[in-house]
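Q: Structure incoming, see below.
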Amino acid sequence: MTNRILLLIFSLFFLSFTCFSQEKCGSYKGYLADDMNKYPEFYKNLEQLDAELEKANKDFLQKVESAKTTEGKKIIPVVVHVIYEAVNSAENISESDVQNALDALNKNINGQSDKFLQMFQGQFPKTPDVFAALRGEANVEFRLARLAPRCDTCAPQPTNGIVRVKSDFTNGVTPRNRIKTLSYWNAYEYLNIWVVRNISSSDGGITLGYAQFPGGRMSTDGIVIRYSEMNDPQSTTLTHEVGHWLGLCHTWDCSSGSCGDDGVFDTPPQHTSNGFTTDPGADPDSPTPSKFPWHVGLPSGIFYGCLADSLNPAGEMFMNYMDYTNDDYCTMFSKGQVEIMNQTLVGELTTTTIIDTIVLDTTTTIDTTIVIDTTEYGSRRYIWSNDNIQSTGTSDGFVAPTCTKIANFTDGFGNAFESICLGENIWLKSNKASVFAGNINSMSWDLGDNGSGTFTSGGANDDNSLYAFSSPGSYDVSLVVSYDETTESRAYNLADLDLTNAFSYDSIISTKIVQGKQDELIAIGATNITPHVIDSLGLYWGLHFTVFYRGEVEEKIYVAYYNNTCTSTTLHEDFITVLPTTAINNASSYTYSFENASNLNADWVISDNDHESNIWDFTSFADKGWEHVDGVAYDGNASVRMPAKNGSILGNASLISAAYDLSSFSNPAIKFAWSGAASNSSPVNELNVYFSNDCGEGWTLLGSLSYLDVANAGLYDSPFTPRADEWNDSIMFDRNGANALKDDNIRFRFEHVTNGSSNNFYIDNILIGEETSLIQALDQSAKLAIYPNPTSGNTNVLVKNMADKHVQLKVMNILGSEVRLLFDGAIISKQQAIEADLTGLENGIYFISVYAEGKTMLTDKIILFR
């Protein structure tokens, strides 16, 4: 049976499963491969990380030692990444919620479910004896990490095993695995669990969680789960997803045949998932409930057999965690499933026999038999090794680090940066409830204004307050929290605890359910031993016995407690900008060419996605925002740039202006120069321009540059720096006829939206003024237009505003080589059309460039297609 199980595991190396709900699931073989085909760019960006991870794991395995824990338990270090939108969001679950979820997981996976011995309506067991006899115990324990990942130049750093990251990705993102780029620890060392509000679904259903099977790409390895499942003590979703993570299929969907099957010898075949949605007997192949007394009176929807194949006289194992049965009726894994889990964690020992012939002399040879035992470790082998248990701080008796909680806050709407008009309130909300669990001695706000403002609701010591500033300005806001904490250390042996620094210690005695032969239970000191008789169905399942025994044993864990008093201080610089209700800027026009880097701290402010940094990530994904850059400009010597991004990060970053009084303009507008390039053949990013007349509380779209506009210079494999001819101009004004820009308090916002990989994008020479003046300035700049485009061979090139210049028109291929000279002479008019003949060239993409005064002045792309 071992070979059969291993065959199943290896055939699933590249599978990933997703549960849409307890009634519906989108799991199918080859999910990860399909996702990689659908989002090749995203996964390509992770290839280097996968290579680094694989190399690190090979180094780990050179010194691997089996974990030496009490009773042979395999310890799995866990890190939980809580992705939340605001500190007070429901998905920002507490540390106790996380620990409770792991406690329930540990009970379930080790056969100790609280529901295992429960009766249904006081009449029938939720776990019929014919299946209870097959209950498996994995003998593993999932523990929150107490030391963060190692690095070459730093000492081990303390952690509570929970990383909190503020991001709107928590609401769902595509591809779904992109959520993992926000925060990730080496998956060979930690089980990564990401907690989110919602998970994107391809069909609009509710996705509770999904896990990656062993053997897939380790850069995306782990489990994603909705917060509602992590903070529900009755939920078995985490147990279900851990089953997938350890190599288990759903009980119906990994083998062929008219009856579904999971390839495990002791889980019965079944037609499909059980979800309590159909009446008993609705399946034409299911026997009547009265045939098996434990089925009588159970809720509707439990199928009682898969008789189409005549394989299932005992009914279906509806209480199995890998089915979709309601949480209240999920109680067990089978022994065969536990065997698969162990194979996943341990790897396989293989034996190779070699017959070698040794030549002694020209006439004598000896045949020698060599037997080689080889252990092929899988991707889950190092995680529970003794070396890793020590380095992650999850060994018995490890003293948890102290004062790891971090104070944080946003405004009440979840923003990390906000602007308001003078006279309005800012709403302050801390993470008191989600992080500190009520153990706070004191907390206080400092609004950065020396107390000149007023709390209109709450106060300086409240976690939910409203505050009104007395004067305009940009203010730093800080929060100081003093709290008490009690940490603990646990061990199965009292000698493993550090009692010197503990203020007390205790023991916790729990009662474990044990099953087996009567003499086996007596040997381990079990009490309350009772026999359980199985009818002939038990023989069918290969149990080879009709009676098993169940008893109880006491398990004692020693706990040492440590008390600490801690203070956490968090400062957000320029957290709030308070603006006057009427702008103080009131000139005939405004010009910004960003020659001075200080423009980004005064008239223009950068506001990026607030993804909290986690310096102990195994790798960091660059998420840079707008920046000042010298030596690249449309006008002058500097501009602002949105740096290239690798596709692992998506989101938006904004460049926000000061406020302007545009009420005296007849038709105000904004003009700017821009240039960008693509990093691949499918650009997907965009630029949106907004305006606000209420100090930045609300924004109205003024205009956009499409993904083709943002990549106007074409495809560049190297970091893009625009030539003079690769700059474009755009002018934007209120196109709705309301002339909403004619106001005394207008702000502008340039928002770069990253939907995938990008090259550099630049903005320069921002002008704010009368629409007619800006249009006139736009018309005076040199322009190149090609029509028709695409072309089948003959087209026209229109050159504007280059009169009296001697120019050359050249056709260049995508490698930058000249393939045809179209024109060489003087431009004699303000707008001159030149006929271009491209016949004889191969179909493809070309560039038409205008050369004058020894340099390239203008370039545009043309597509030749016959």
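Here, A, B, ... name the chains of the structure tokens in the order displayed, residue numbers run from 1 inside each chain, and ligands are numbered from 1 in the same displayed order.
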Range 426-603 of chain A: which residues are helix (DSSP H, G or I) by DSSP, as a list in words?

A: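 Of range 426-603 of chain A, only Lys432, Ala433, Ser434, Val435, Phe436, Leu494, Ala495, Asp496, Gln518, Asp519, Glu520, Leu521, Ile522, Ala523, Leu537, Gly538, Leu539, Tyr540, Ala597, Ser598, Asn599, Leu600 and Asn601 of chain A fall in helix (DSSP H, G or I).
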
Q: Can you pull out every residue within 10 Å of Lys512 in chain A, counting only C-alpha atoms, but drop anything in the same chain fewer than 6 positions away, and send it as an NGL selection string?

A: :A and (107 or 110-113 or 526 or 551-555)

Q: Just checking: using only C-alpha atoms, which residue out of A:Pro149, A:Pro580, A:Gly816, A:Gly347 ends up closest to Ile746 in chain A?

A: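 Using only C-alpha atoms, the shortest distance to Ile746 in chain A belongs to A:Pro580.
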
Q: Just want the 12 Å neighbourhood of Lys55 in chain A, counted on only C-alpha atoms, with same-chain residues fewer than 5 positions away dropped. Output as a PyMOL selection string.

A: chain A and resi 48-50+60-62+186+188+218

Q: Here is a test: counting only C-alpha atoms, which residue of A:Asn493, A:Asn425, A:Ser419, A:Thr859 is nearest to Ala658 in chain A?

A: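 That would be A:Ser419, the residue with the smallest distance to Ala658 in chain A.
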